[in-house]
Structures are given as C-alpha cells and as structure tokens.
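input.cif follows (mmCIF, C-alpha atoms):
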data_input
#
loop_
_atom_site.label_atom_id
_atom_site.label_comp_id
_atom_site.auth_asym_id
_atom_site.auth_seq_id
_atom_site.Cartn_x
_atom_site.Cartn_y
_atom_site.Cartn_z
CA MET A 1 34.79 107.41 110.27
CA SER A 2 31.33 106.20 111.22
CA GLU A 3 28.55 108.31 109.85
CA THR A 4 25.87 109.47 112.27
CA ILE A 5 22.22 109.39 111.36
CA PRO A 6 20.96 112.92 110.79
CA ASN A 7 18.57 114.37 113.33
CA LYS A 8 15.15 115.32 112.11
CA SER A 9 16.21 118.94 112.32
CA GLU A 10 19.27 118.31 110.12
CA THR A 11 19.00 118.94 106.38
CA ILE A 12 20.64 116.76 103.78
CA LEU A 13 24.19 117.86 102.95
CA ASN A 14 24.94 117.45 99.27
CA LYS A 15 28.36 117.19 97.65
CA PRO A 16 30.05 120.60 97.81
CA GLU A 17 31.42 122.75 95.02
CA MET A 18 35.19 122.31 95.09
CA LYS A 19 38.02 124.62 94.01
CA THR A 20 41.66 123.57 94.11
CA GLY A 21 44.86 125.58 94.28
CA LEU A 22 48.43 124.75 95.18
CA ASN A 23 47.91 122.45 98.19
CA ARG A 24 44.71 124.39 98.94
CA TYR A 25 41.21 122.93 98.69
CA GLU A 26 38.08 125.04 99.08
CA PHE A 27 34.61 123.58 99.58
CA THR A 28 31.36 125.52 99.34
CA TRP A 29 27.84 124.49 100.36
CA ALA A 30 26.01 127.50 98.92
CA GLU A 31 22.57 126.41 100.17
CA HIS A 32 23.94 126.36 103.75
CA LYS A 33 26.21 129.39 103.29
CA ILE A 34 29.17 127.31 104.49
CA THR A 35 32.74 127.44 103.18
CA ALA A 36 35.60 125.18 104.31
CA LEU A 37 39.25 125.65 103.41
CA CYS A 38 41.86 122.91 103.72
CA ASP A 39 45.34 124.42 103.45
CA ARG A 40 48.98 123.25 103.66
CA VAL A 41 47.89 119.63 103.29
CA ASN A 42 50.58 116.96 103.21
CA ASP A 43 50.38 113.48 101.75
CA ASP A 44 49.93 112.04 105.26
CA GLY A 45 46.70 114.03 105.62
CA THR A 46 47.94 116.67 108.03
CA GLY A 47 47.09 120.27 107.32
CA GLU A 48 45.01 123.23 108.44
CA LEU A 49 41.23 123.52 108.32
CA ALA A 50 39.10 126.66 108.46
CA VAL A 51 35.31 126.69 108.33
CA TYR A 52 33.28 129.86 107.66
CA HIS A 53 29.58 130.70 107.72
CA GLU A 54 27.95 133.59 105.89
CA ASN A 55 25.89 135.33 108.57
CA GLY A 56 24.45 138.12 106.44
CA SER A 57 27.09 140.74 107.22
CA GLY A 58 30.11 138.76 106.11
CA LYS A 59 31.98 135.54 106.71
CA GLU A 60 32.03 134.40 110.32
CA ILE A 61 34.85 132.00 111.17
CA LEU A 62 33.57 128.99 113.06
CA LEU A 63 36.72 126.91 113.23
CA TYR A 64 40.45 127.20 112.57
CA THR A 65 42.59 124.25 113.57
CA ASN A 66 45.25 121.73 112.64
CA ILE A 67 43.75 118.52 111.33
CA ASN A 68 44.70 114.99 110.43
CA LEU A 69 42.23 114.08 107.71
CA LEU A 70 43.05 110.39 108.04
CA SER A 71 42.35 110.24 111.78
CA ALA A 72 38.75 109.20 112.48
CA ASN A 73 38.97 110.34 116.11
CA THR A 74 40.24 113.81 115.13
CA CYS A 75 37.53 114.29 112.52
CA THR A 76 34.84 113.12 114.96
CA GLN A 77 36.00 115.62 117.58
CA ILE A 78 36.06 118.46 115.03
CA ALA A 79 32.57 117.51 113.81
CA LYS A 80 31.27 117.73 117.40
CA ARG A 81 32.83 121.18 117.83
CA LEU A 82 31.26 122.39 114.57
CA SER A 83 27.81 120.99 115.42
CA HIS A 84 27.43 123.53 118.25
CA ASN A 85 27.57 126.35 115.68
CA LEU A 86 25.81 124.44 112.87
CA PRO A 87 23.02 122.52 114.61
CA THR A 88 21.02 121.96 111.41
CA VAL A 89 23.98 120.50 109.49
CA ASN A 90 25.31 116.95 109.71
CA CYS A 91 28.91 117.88 110.48
CA ASP A 92 30.12 114.27 110.29
CA THR A 93 29.03 114.23 106.65
CA LEU A 94 30.69 117.61 106.12
CA LEU A 95 34.04 116.28 107.44
CA THR A 96 33.66 113.11 105.39
CA TYR A 97 33.29 115.12 102.19
CA ILE A 98 36.31 117.27 103.09
CA THR A 99 38.48 114.26 103.90
CA GLN A 100 37.56 112.17 100.87
CA LEU A 101 37.72 114.92 98.27
CA THR A 102 40.91 116.48 99.64
CA MET A 103 42.89 113.24 99.79
CA GLN A 104 41.52 112.11 96.42
CA GLU A 105 42.64 115.34 94.76
CA LEU A 106 45.95 115.49 96.63
CA ARG A 107 47.01 112.01 95.52
CA ARG A 108 45.75 112.35 91.98
CA GLY A 109 48.96 114.10 90.93
CA GLU A 110 49.56 115.35 87.44
CA PRO A 111 47.52 113.23 85.03
CA PRO A 112 49.59 111.35 82.45
CA VAL A 113 49.17 112.44 78.84
CA ARG A 114 49.98 110.91 75.49
CA ILE A 115 52.69 112.55 73.37
CA GLY A 116 54.01 111.95 69.87
CA THR A 117 51.79 114.09 67.64
CA LYS A 118 52.92 117.37 66.14
CA PRO A 119 52.94 120.13 68.80
CA ALA A 120 51.17 123.42 68.25
CA VAL A 121 54.47 125.31 68.55
CA MET A 122 57.89 123.97 67.51
CA LYS A 123 59.99 126.97 68.56
CA HIS A 124 60.92 127.91 72.10
CA GLU A 125 58.59 130.30 73.90
CA TYR A 126 60.21 133.12 75.84
CA LEU A 127 59.09 135.21 78.78
CA LEU A 128 61.98 137.57 78.00
CA ARG A 129 63.59 136.98 74.63
CA PRO A 130 66.37 135.91 74.25
CA ILE A 131 67.39 135.03 77.83
CA LEU A 132 64.38 133.62 79.75
CA GLN A 133 62.59 130.62 78.29
CA LYS A 134 58.97 130.46 79.39
CA GLY A 135 58.21 127.96 82.13
CA LYS A 136 61.87 127.04 82.63
CA SER A 137 64.35 127.51 85.48
CA THR A 138 67.25 129.84 84.65
CA THR A 139 70.25 130.61 86.87
CA LEU A 140 72.32 133.79 86.80
CA TYR A 141 75.57 133.56 88.79
CA ALA A 142 78.53 135.82 89.53
CA PRO A 143 80.70 137.00 92.44
CA GLY A 144 79.22 139.41 94.97
CA GLY A 145 79.11 143.02 93.80
CA SER A 146 78.51 142.13 90.15
CA VAL A 147 75.16 144.03 90.02
CA LYS A 148 73.25 140.75 89.65
CA SER A 149 70.33 142.12 91.67
CA TYR A 150 70.19 145.27 89.55
CA LEU A 151 69.95 143.09 86.45
CA ALA A 152 67.22 140.99 88.10
CA ASP A 153 65.29 144.16 88.95
CA LEU A 154 65.60 145.31 85.34
CA ILE A 155 64.18 141.98 84.14
CA ALA A 156 61.30 142.30 86.65
CA VAL A 157 60.49 145.83 85.40
CA LEU A 158 60.56 144.81 81.72
CA ILE A 159 58.13 141.93 82.24
CA GLN A 160 55.83 143.66 84.75
CA CYS A 161 55.66 146.88 82.70
CA ASN A 162 55.67 145.03 79.34
CA VAL A 163 58.44 147.14 77.79
CA ALA A 164 61.52 146.14 75.81
CA GLY A 165 64.95 146.84 77.28
CA MET A 166 68.59 146.92 76.23
CA ASP A 167 67.76 149.27 73.34
CA GLY A 168 64.86 147.04 72.31
CA LEU A 169 66.90 143.82 72.18
CA TRP A 170 65.23 142.18 75.21
CA ILE A 171 61.55 141.66 74.42
CA PRO A 172 59.14 140.59 77.19
CA GLU A 173 55.83 138.83 77.41
CA ALA A 174 53.73 140.76 79.91
CA GLY A 175 52.93 139.21 83.27
CA ASN A 176 53.11 139.55 87.04
CA VAL A 177 56.46 139.20 88.81
CA LEU A 178 57.32 138.00 92.33
CA TYR A 179 60.72 138.86 93.82
CA LEU A 180 61.75 136.60 96.74
CA ASP A 181 64.65 138.24 98.57
CA TRP A 182 66.99 136.59 101.06
CA GLU A 183 69.81 139.10 100.48
CA ALA A 184 68.67 142.74 100.72
CA CYS A 185 65.54 144.62 101.80
CA LYS A 186 62.48 146.36 100.39
CA GLU A 187 64.10 149.81 100.55
CA ASP A 188 67.12 148.67 98.49
CA HIS A 189 64.93 147.32 95.72
CA GLU A 190 62.54 150.27 95.75
CA ARG A 191 65.50 152.60 95.16
CA ARG A 192 66.91 150.42 92.38
CA VAL A 193 63.59 149.86 90.62
CA TRP A 194 62.73 153.57 90.65
CA ALA A 195 66.18 154.44 89.23
CA ILE A 196 65.78 151.77 86.53
CA LYS A 197 62.36 153.12 85.52
CA LEU A 198 63.70 156.67 85.26
CA GLY A 199 66.64 155.38 83.21
CA LEU A 200 64.29 153.64 80.79
CA ILE A 201 62.20 156.81 80.43
CA LYS A 202 65.33 158.84 79.62
CA GLN A 203 66.08 156.25 76.92
CA GLY A 204 62.68 156.92 75.36
CA VAL A 205 60.90 153.84 76.75
CA LYS A 206 57.30 154.46 77.81
CA VAL A 207 57.24 153.04 81.33
CA SER A 208 54.44 153.65 83.79
CA LEU A 209 55.87 154.83 87.10
CA ASP A 210 52.75 153.42 88.79
CA ASP A 211 53.42 149.81 87.72
CA THR A 212 54.68 147.64 90.59
CA PHE A 213 55.61 144.02 91.15
CA ILE A 214 55.36 141.94 94.33
CA TYR A 215 58.36 141.85 96.67
CA SER A 216 58.66 139.40 99.58
CA PHE A 217 61.33 139.61 102.30
CA GLN A 218 62.43 136.06 103.15
CA LYS A 219 64.18 134.49 106.15
CA GLU A 220 63.48 130.77 106.01
CA PRO A 221 64.62 128.35 103.27
CA LEU A 222 62.29 128.09 100.28
CA THR A 223 61.13 124.59 101.17
CA ASN A 224 60.14 125.72 104.70
CA ASN A 225 57.86 128.44 103.33
CA LEU A 226 56.74 126.76 100.13
CA TYR A 227 53.01 126.75 100.86
CA ALA A 228 52.88 130.52 101.44
CA ILE A 229 54.94 131.17 98.31
CA GLN A 230 52.76 128.83 96.25
CA LYS A 231 49.74 130.79 97.44
CA LEU A 232 51.40 134.07 96.43
CA VAL A 233 52.11 132.68 92.97
CA SER A 234 48.64 131.23 92.52
CA ASP A 235 46.62 134.13 93.94
CA ASN A 236 48.52 136.77 91.95
CA ASN A 237 48.88 134.95 88.60
CA ILE A 238 52.67 135.17 88.79
CA VAL A 239 54.54 134.34 85.57
CA LEU A 240 58.08 134.97 86.87
CA THR A 241 59.51 134.29 90.32
CA ILE A 242 62.99 135.66 91.07
CA ILE A 243 64.97 133.94 93.83
CA ASP A 244 67.76 136.06 95.31
CA SER A 245 69.77 134.07 96.13
CA HIS A 246 70.11 130.31 95.79
CA MET A 247 72.69 129.97 98.54
CA ALA A 248 70.32 131.40 101.15
CA ALA A 249 67.09 130.04 99.70
CA GLN A 250 68.09 126.38 99.48
CA GLY A 251 68.81 125.98 103.20
CA TYR A 252 71.38 123.69 104.76
CA GLY A 253 72.08 120.02 105.26
CA PRO A 254 74.91 117.47 105.30
CA ASP A 255 74.19 116.32 101.75
CA GLN A 256 74.46 119.37 99.48
CA ALA A 257 73.31 117.39 96.43
CA GLN A 258 70.08 116.43 98.21
CA VAL A 259 69.53 120.00 99.46
CA ALA A 260 69.99 121.40 95.95
CA SER A 261 67.69 118.76 94.47
CA GLU A 262 64.95 119.59 97.01
CA PHE A 263 65.31 123.26 96.07
CA TYR A 264 64.65 122.50 92.39
CA ASN A 265 61.74 120.23 93.29
CA ALA A 266 60.27 123.21 95.14
CA LEU A 267 60.78 125.44 92.09
CA ARG A 268 58.74 123.01 89.99
CA CYS A 269 55.87 123.35 92.47
CA LEU A 270 55.61 127.06 91.69
CA ASN A 271 54.42 126.33 88.13
CA CYS A 272 55.98 129.43 86.61
CA THR A 273 59.21 130.68 85.05
CA THR A 274 61.99 131.14 87.61
CA LEU A 275 65.21 133.15 87.67
CA THR A 276 67.62 132.17 90.42
CA ILE A 277 70.52 134.42 91.42
CA ASP A 278 73.59 132.51 92.63
CA HIS A 279 77.24 132.93 93.59
CA VAL A 280 80.62 131.42 92.64
CA ASP A 281 83.37 129.80 94.64
CA LYS A 282 86.28 131.72 96.18
CA ALA A 283 88.76 130.89 93.41
CA SER A 284 86.37 132.16 90.74
CA TRP A 285 85.57 135.24 92.82
CA ARG A 286 89.29 136.07 92.99
CA GLY A 287 89.66 135.49 89.27
CA GLU A 288 91.96 132.52 89.82
CA SER A 289 89.77 130.15 87.82
CA GLU A 290 86.92 130.22 85.33
CA ALA A 291 83.44 130.08 86.88
CA VAL A 292 81.84 127.49 84.61
CA GLY A 293 79.06 126.90 87.12
CA PRO A 294 77.59 128.29 90.36
CA TYR A 295 79.05 127.48 93.76
CA GLY A 296 78.13 124.13 95.29
CA SER A 297 76.80 120.83 94.08
CA VAL A 298 76.83 119.86 90.40
CA VAL A 299 73.09 119.24 90.89
CA LYS A 300 72.66 123.01 90.44
CA TYR A 301 74.07 122.75 86.93
CA ASN A 302 72.16 119.60 86.07
CA ARG A 303 68.73 120.68 87.32
CA SER A 304 68.58 124.24 85.95
CA ARG A 305 67.47 124.42 82.34
CA ALA A 306 69.71 127.39 81.45
CA GLN A 307 72.64 129.13 83.11
CA PHE A 308 74.30 132.49 82.55
CA GLU A 309 77.55 133.72 84.07
CA LEU A 310 77.80 137.46 84.67
CA ILE A 311 81.33 138.87 84.40
CA LYS A 312 81.98 142.44 85.55
CA GLN A 313 84.68 144.96 84.66
CA GLN A 314 84.89 148.36 86.33
CA ASN A 315 87.65 150.84 87.03
CA SER A 316 87.69 152.51 90.44
CA ASP A 317 87.16 156.03 89.08
CA GLU A 318 84.24 155.18 86.77
CA ASP A 319 80.50 155.55 87.43
CA HIS A 320 79.61 152.80 84.98
CA VAL A 321 80.32 149.08 84.71
CA GLU A 322 80.57 146.82 81.70
CA LEU A 323 79.28 143.29 81.93
CA ALA A 324 79.54 140.15 79.86
CA LEU A 325 76.53 137.84 80.11
CA LYS A 326 77.96 134.49 79.05
CA HIS A 327 75.56 131.66 78.22
CA ARG A 328 76.99 128.61 79.98
CA LYS A 329 74.17 126.10 79.61
CA ASN A 330 71.13 125.62 77.42
CA ASN A 331 69.28 122.39 77.99
CA GLU A 332 67.82 122.49 74.50
CA GLY A 333 69.43 124.32 71.62
CA LYS A 334 72.64 126.22 70.99
CA LEU A 335 74.31 128.70 73.32
CA LEU A 336 73.73 132.40 72.73
CA PRO A 337 76.66 134.65 71.83
CA THR A 338 77.98 136.46 74.89
CA ILE A 339 75.95 139.62 75.53
CA GLY A 340 77.72 142.88 76.40
CA ILE A 341 75.90 145.16 78.85
CA ARG A 342 76.87 148.66 79.98
CA VAL A 343 75.29 149.93 83.21
CA ASP A 344 75.47 153.68 83.88
CA PHE A 345 74.82 154.90 87.43
CA VAL A 346 73.90 158.59 87.30
CA ASN A 347 73.93 160.60 90.54
CA ASN A 348 72.33 163.97 91.23
CA HIS A 349 74.14 167.03 92.63
CA LEU A 350 73.81 165.58 96.16
CA LEU A 351 75.56 162.40 94.95
CA ASP A 352 72.38 160.37 95.52
CA LEU A 353 71.41 157.81 92.89
CA ASP A 354 69.23 159.50 90.27
CA TYR A 355 68.77 156.92 87.54
CA VAL A 356 70.33 153.77 86.07
CA GLN A 357 70.56 152.89 82.39
CA PHE A 358 71.28 149.54 80.74
CA SER A 359 72.50 149.47 77.14
CA PRO A 360 74.36 147.04 74.86
CA CYS A 361 78.14 147.30 74.57
CA ASN A 362 80.74 145.62 72.37
CA ILE A 363 82.72 143.18 74.48
CA SER A 364 85.54 143.24 71.93
CA ASP A 365 86.17 146.88 72.83
CA ASN A 366 86.84 145.94 76.46
CA PRO A 367 90.16 144.05 76.66
CA GLU A 368 89.47 142.59 80.11
CA LEU A 369 86.00 141.24 79.24
CA SER A 370 87.17 140.12 75.81
CA LYS A 371 90.01 138.11 77.31
CA LYS A 372 87.68 136.41 79.80
CA THR A 373 84.76 135.65 77.52
CA GLN A 374 85.85 135.47 73.88
CA SER A 375 87.83 132.87 72.02
CA LEU A 376 91.23 133.75 70.60
CA LYS A 377 89.71 133.53 67.11
CA GLN A 378 87.06 136.13 67.99
CA ARG A 379 89.67 138.46 69.46
CA LEU A 380 91.89 138.10 66.40
CA VAL A 381 89.00 138.97 64.10
CA HIS A 382 88.25 142.10 66.13
CA GLU A 383 91.87 143.30 65.97
CA LEU A 384 92.37 142.51 62.27
CA GLU A 385 89.03 143.83 60.96
CA SER A 386 90.28 147.42 60.87
CA GLN A 387 94.02 146.94 60.33
CA SER A 388 96.61 144.35 59.37
CA LEU A 389 99.11 143.34 62.07
CA THR A 390 102.10 141.09 62.49
CA VAL A 391 102.09 138.13 64.86
CA LYS A 392 104.40 140.06 67.20
CA GLU A 393 102.03 143.04 67.29
CA LEU A 394 99.09 140.73 67.97
CA HIS A 395 101.07 139.16 70.80
CA GLN A 396 101.63 142.57 72.39
CA ILE A 397 97.92 143.45 72.16
CA LEU A 398 96.37 140.13 73.11
CA GLU A 399 99.10 138.83 75.45
CA ASN A 400 98.84 135.32 73.99
CA GLY A 401 102.02 133.51 72.97
CA GLU A 402 103.24 134.15 69.42
CA SER A 403 103.21 130.45 68.60
CA THR A 404 99.59 130.16 69.86
CA ILE A 405 98.52 133.14 67.75
CA ARG A 406 100.33 131.85 64.65
CA MET A 407 98.70 128.43 65.07
CA GLU A 408 95.22 129.99 65.35
CA LEU A 409 95.76 132.15 62.25
CA ASN A 410 96.97 129.20 60.16
CA ARG A 411 94.16 126.98 61.48
CA ASN A 412 91.51 129.43 60.22
CA LYS A 413 92.71 130.38 56.74
CA ASN A 414 89.08 130.60 55.65
CA ILE A 415 88.93 133.70 57.88
CA PHE A 416 92.49 135.06 58.08
CA THR A 417 94.95 135.76 55.29
CA LYS A 418 98.69 136.46 55.36
CA LEU A 419 99.68 139.53 53.38
CA PRO A 420 102.93 140.10 51.39
CA ASP A 421 104.37 142.40 54.09
CA ASP A 422 104.19 139.55 56.64
CA THR A 423 101.11 141.01 58.35
CA TRP A 424 97.75 139.30 58.78
CA GLY A 425 94.28 140.48 57.88
CA VAL A 426 90.68 139.23 57.70
CA LEU A 427 89.18 138.02 54.46
CA SER A 428 86.25 140.15 53.28
CA ASP A 429 82.75 139.10 54.45
CA LYS A 430 84.19 136.89 57.20
CA THR A 431 82.93 137.18 60.75
CA VAL A 432 82.91 134.89 63.74
#
Is it possible to express this structure as structure tokens?
Amino acid sequence: MSETIPNKSETILNKPEMKTGLNRYEFTWAEHKITALCDRVNDDGTGELAVYHENGSGKEILLYTNINLLSANTCTQIAKRLSHNLPTVNCDTLLTYITQLTMQELRRGEPPVRIGTKPAVMKHEYLLRPILQKGKSTTLYAPGGSVKSYLADLIAVLIQCNVAGMDGLWIPEAGNVLYLDWEACKEDHERRVWAIKLGLIKQGVKVSLDDTFIYSFQKEPLTNNLYAIQKLVSDNNIVLTIIDSHMAAQGYGPDQAQVASEFYNALRCLNCTTLTIDHVDKASWRGESEAVGPYGSVVKYNRSRAQFELIKQQNSDEDHVELALKHRKNNEGKLLPTIGIRVDFVNNHLLDLDYVQFSPCNISDNPELSKKTQSLKQRLVHELESQSLTVKELHQILENGESTIRMELNRNKNIFTKLPDDTWGVLSDKTV
C-alpha cells in the first residue's frame, strides 16, 4: 500500500502499543486517544476491524467492518473513510501499522524452544487429582442416561469452588470453568449444580452458594464458533472447558476421521484443560459389547490424552445409582484402578429434586458392575477374602465356568491357596 505524505495538519503517528489475544490484536495510540481492534483474523488476512476514539465521555466507535489486511485497495478505502473522522491523523500509516503488526504476529506461531534439560517438575500436574491432568484433553464416555452431565457438573463445582469431592478423594486446583453445552439448557444445569452444592454442604464440605461458573448454550459446531469461545476462555482466565458433547460439538462431514481431528485441533487452540463428554455405539449401549472407546472414528481415542468409560447400574425402584469409572487410556503412565461412585438423588416432599450426593462405593459389592469392570482375579479375591469356597460355589456366585475359575486359582498361587477341605482361600496380606 502506497503511503501518503502527511498534510501539514497531520501529526506523526508512532508505532502503537500492541496487545495480543487468541486471534485478537489490539492497538493503542494513547497520544491520539485511538484504539483499533483486529478480531477473528485468518491466515489469509481476512477478519474484522473496529476503530475507537476516546472523546472525553467514553469510547466512540468510528469504524466496524470486515477487512482484508492484504488488500491494498481495501486498506486504502478504509483509510479514506477513517480520515473524515480523524483529520489530524495519517490513516494510511495507521492501517499500515495494523496490517504489518497483525500479520507478523499471526504468522509467528508458537516459538520453538530447546528441550533436554531437567524439568522443574517431574510428576504429572492435575487440575482435579486423580482424574484430570492439567492442560490435557480428557474424554468421558458412556451411553445416554448414565449421569455423565451430572458428573461433569460436579467436576465444574469442585474446581470453581476449590473444594474436594468424593469424600475428599478428588482434590482440585482452583480456577474458572466454562461449560459448553450442545445437549441440555441453562435451567437443567442450574438445577443440577444447585442440588450438587447442597449435597456437598450436607456432607460437611464448605461450599459457597454464591460461586458460579460460566455456561454457554451452543448450536453450531465448535470449529464454527471457535473465535468466540477462544475469547471467552481468554477474557475469563478459564482453566477448564467442558464440552457436552463431542458428537454434537464436532460437526459433520463425509470423512469422520478428518472431522474428529479438526475438533481436537480446535481444543488445542483453547489453551486450557478440557473434558469432553461423549457417547458409545448402539451395541455398547445395549450391553452387547464392551465399550473400549467412544463412538466414531479411532481418531477420538488417539487424539485424547486420557479416556474414562462410565458404567452405570441402577434398579428401577432405587433413587440412587452406582457407577464404575473405568480408566481406558492414559497417554503417559499407568491406568488408575476403576473408581466406584454412588450418586444419591434426594427428593423433597413434593418429589422435586432437593440435593444430590456423590460418594465412593466398593465396586466389588455390586455384582453387575464387578462383572463388567473387574478381572476374574479381582472378583475371586473379593469373594475369598471373608470366606473359603469351593470351585462349584464360586461358579454359582460369579457365573464363570468351573474350569475357568480353577485355572485362574491355580495360575495365581501366590494369592490363592487350596485348603484341606477342597475349598479355596486367599493368602494373608495378599490383595490385587
């Protein structure tokens, strides 16, 4: 873009003060009381430009328009429009600064760094110990109706309110939470969050009822609305973003692997810890197969850093559910033992939801969850810890074949022992 010679009435425009955000670039010429904001800028130079002037009583907007920063004609036309409101400022120079500095910063990318020296911290950092690693993407998947969203709301409350949950076993690092919802509505989550807070208080946890986290009702795929979400994350110092759910948030396309990959690329742009809620295929939902990963492309498994499957067991006449949170993937380190969770839904005399409580439970005490989540060796230990039993009796309890049970007992003689009366027991001080 050719630079015009300033009129005698025009003052020299120095290089502006620049602040950068997520695809947002703000320029300030304090001596001229001018601020310009370039937003939603793409690598091809297209974006939005707003220019403000401080008129003594506040910021007056002088210009708001789409812009192609790499088009000399467009910038020249915008400079002419601005010059009517800023006659003492060389607006060509102003646009030149905006163009050069924006594109320079946009294409700089993440600077490369040298690695190989001893890091400051060798252990994993957690946003919510032991299930959410800080700065990583974690997926929680289960069939519909498995109270996944309730569990996500609990996690949001623990981190936002900086209180431990699950009888003190889940320990948070305090921070701001953003809940992106493609599934339910604000009213649903308000009801759940309030009930969760009251449940924590009844368990003796000091929770402030005034603490809130940010909720955002979503309609478009994550990648379509990424700029606005990035701004939410940046402006509110968000440490955890919850995506509910992956199936709706990732959008659609003929190549599901590419769609899933673009979704995870978008997650990386948020620069915070993420928890994504996801679903399972029809066979897993019916219980016809084991849900070793969420529904859809294997890219989901490969790109997430950790995955948990949530398995639910509830009888029709009960007002509580028992869950098994099974660690299916850990990109670095060993898998956690399966976590048992009991969720109690307490209604008032009008049968409206009053409060909800989450507490640990022993999966071994729930035959259905135990069968789905524990190895035969673990189940045998649980049955034989308190009493000795024959192979036939174990078969009747566990419903595994007698030959399979006998093989497992003989394979683990460092744990199990055969007694003189032909029953089996567990050696002292042996656990699995």
Please determine an axis-aligned box that encloses all atoms of stretch 133-146 of chain A listed in the file, with 6 Å added on each side, and express its centre and edge lengths in Å to one decimal as AutoDock Vina command-line options.
--center_x 69.5 --center_y 135.0 --center_z 86.6 --size_x 34.5 --size_y 28.0 --size_z 28.7
Next on the checklist: Here's the selection I'm unsure about, the PyMOL selection byres ((chain A and resi 324-326) around 8); applied to the file above, which residues does it give, as an NGL selection string?
Outcome noted: :A and (308-312 or 322-323 or 327-328 or 336-341 or 363 or 369 or 373)
Next on the checklist: Considering all atoms listed in the file, can you say which of A:Ile415, A:Met247, A:Leu389, A:Val299 comes closest to A:Asn265?
Outcome noted: A:Val299
Identify all residues satisfying the PyMOL selection byres ((chain A and resi 387) around 9) in the given file; provide them as a PDB file with C-alpha atoms, in the frame of the given file.
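Contents of expr_26.pdb, freshly written:
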ATOM      1  CA  GLU A 383      91.870 143.300  65.970  1.00  0.00           C
ATOM      2  CA  LEU A 384      92.370 142.510  62.270  1.00  0.00           C
ATOM      3  CA  GLU A 385      89.030 143.830  60.960  1.00  0.00           C
ATOM      4  CA  SER A 386      90.280 147.420  60.870  1.00  0.00           C
ATOM      5  CA  SER A 388      96.610 144.350  59.370  1.00  0.00           C
ATOM      6  CA  LEU A 389      99.110 143.340  62.070  1.00  0.00           C
ATOM      7  CA  TRP A 424      97.750 139.300  58.780  1.00  0.00           C
ATOM      8  CA  GLY A 425      94.280 140.480  57.880  1.00  0.00           C
ATOM      9  CA  VAL A 426      90.680 139.230  57.700  1.00  0.00           C
TER      10      VAL A 426
END
Pull out every residue that the PyMOL selection byres ((chain A and resi 199-208) around 12) matches in the shown coordinates and put them as a PDB file with C-alpha atoms, in the frame of the given file.
ATOM      1  CA  LEU A 154      65.600 145.310  85.340  1.00  0.00           C
ATOM      2  CA  VAL A 157      60.490 145.830  85.400  1.00  0.00           C
ATOM      3  CA  LEU A 158      60.560 144.810  81.720  1.00  0.00           C
ATOM      4  CA  ILE A 159      58.130 141.930  82.240  1.00  0.00           C
ATOM      5  CA  GLN A 160      55.830 143.660  84.750  1.00  0.00           C
ATOM      6  CA  CYS A 161      55.660 146.880  82.700  1.00  0.00           C
ATOM      7  CA  ASN A 162      55.670 145.030  79.340  1.00  0.00           C
ATOM      8  CA  VAL A 163      58.440 147.140  77.790  1.00  0.00           C
ATOM      9  CA  ALA A 164      61.520 146.140  75.810  1.00  0.00           C
ATOM     10  CA  GLY A 165      64.950 146.840  77.280  1.00  0.00           C
ATOM     11  CA  MET A 166      68.590 146.920  76.230  1.00  0.00           C
ATOM     12  CA  ASP A 167      67.760 149.270  73.340  1.00  0.00           C
ATOM     13  CA  GLY A 168      64.860 147.040  72.310  1.00  0.00           C
ATOM     14  CA  ARG A 192      66.910 150.420  92.380  1.00  0.00           C
ATOM     15  CA  VAL A 193      63.590 149.860  90.620  1.00  0.00           C
ATOM     16  CA  TRP A 194      62.730 153.570  90.650  1.00  0.00           C
ATOM     17  CA  ALA A 195      66.180 154.440  89.230  1.00  0.00           C
ATOM     18  CA  ILE A 196      65.780 151.770  86.530  1.00  0.00           C
ATOM     19  CA  LYS A 197      62.360 153.120  85.520  1.00  0.00           C
ATOM     20  CA  LEU A 198      63.700 156.670  85.260  1.00  0.00           C
ATOM     21  CA  LEU A 209      55.870 154.830  87.100  1.00  0.00           C
ATOM     22  CA  ASP A 210      52.750 153.420  88.790  1.00  0.00           C
ATOM     23  CA  ASP A 211      53.420 149.810  87.720  1.00  0.00           C
ATOM     24  CA  THR A 212      54.680 147.640  90.590  1.00  0.00           C
ATOM     25  CA  VAL A 343      75.290 149.930  83.210  1.00  0.00           C
ATOM     26  CA  ASP A 344      75.470 153.680  83.880  1.00  0.00           C
ATOM     27  CA  PHE A 345      74.820 154.900  87.430  1.00  0.00           C
ATOM     28  CA  VAL A 346      73.900 158.590  87.300  1.00  0.00           C
ATOM     29  CA  ASN A 347      73.930 160.600  90.540  1.00  0.00           C
ATOM     30  CA  LEU A 353      71.410 157.810  92.890  1.00  0.00           C
ATOM     31  CA  ASP A 354      69.230 159.500  90.270  1.00  0.00           C
ATOM     32  CA  TYR A 355      68.770 156.920  87.540  1.00  0.00           C
ATOM     33  CA  VAL A 356      70.330 153.770  86.070  1.00  0.00           C
ATOM     34  CA  GLN A 357      70.560 152.890  82.390  1.00  0.00           C
ATOM     35  CA  PHE A 358      71.280 149.540  80.740  1.00  0.00           C
ATOM     36  CA  SER A 359      72.500 149.470  77.140  1.00  0.00           C
TER      37      SER A 359
END
Checklist entry - Which distance in Å separates atom CA of A:Lys15 and atom CA of A:Ile34, to one decimal? => result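 Those two atoms sit 12.2 Å apart.
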Extract stretch 379-390 of chain A from the structure I just pasted (atoms: C-alpha atoms) and return it as a short mmCIF file (atom, residue, chain, number, x, y, z; two decimals), in the first residue's frame.
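Output (result.cif):
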data_model
loop_
_atom_site.label_atom_id
_atom_site.label_comp_id
_atom_site.auth_asym_id
_atom_site.auth_seq_id
_atom_site.Cartn_x
_atom_site.Cartn_y
_atom_site.Cartn_z
CA ARG A 379 -13.58 -60.88 41.85
CA LEU A 380 -12.14 -64.10 43.26
CA VAL A 381 -10.14 -62.16 45.84
CA HIS A 382 -13.26 -60.27 46.92
CA GLU A 383 -15.27 -63.49 47.39
CA LEU A 384 -12.49 -65.41 49.17
CA GLU A 385 -11.28 -62.63 51.49
CA SER A 386 -14.04 -63.29 54.03
CA GLN A 387 -14.73 -66.99 53.49
CA SER A 388 -13.34 -70.10 51.82
CA LEU A 389 -15.37 -71.56 48.94
CA THR A 390 -15.26 -74.49 46.57
#
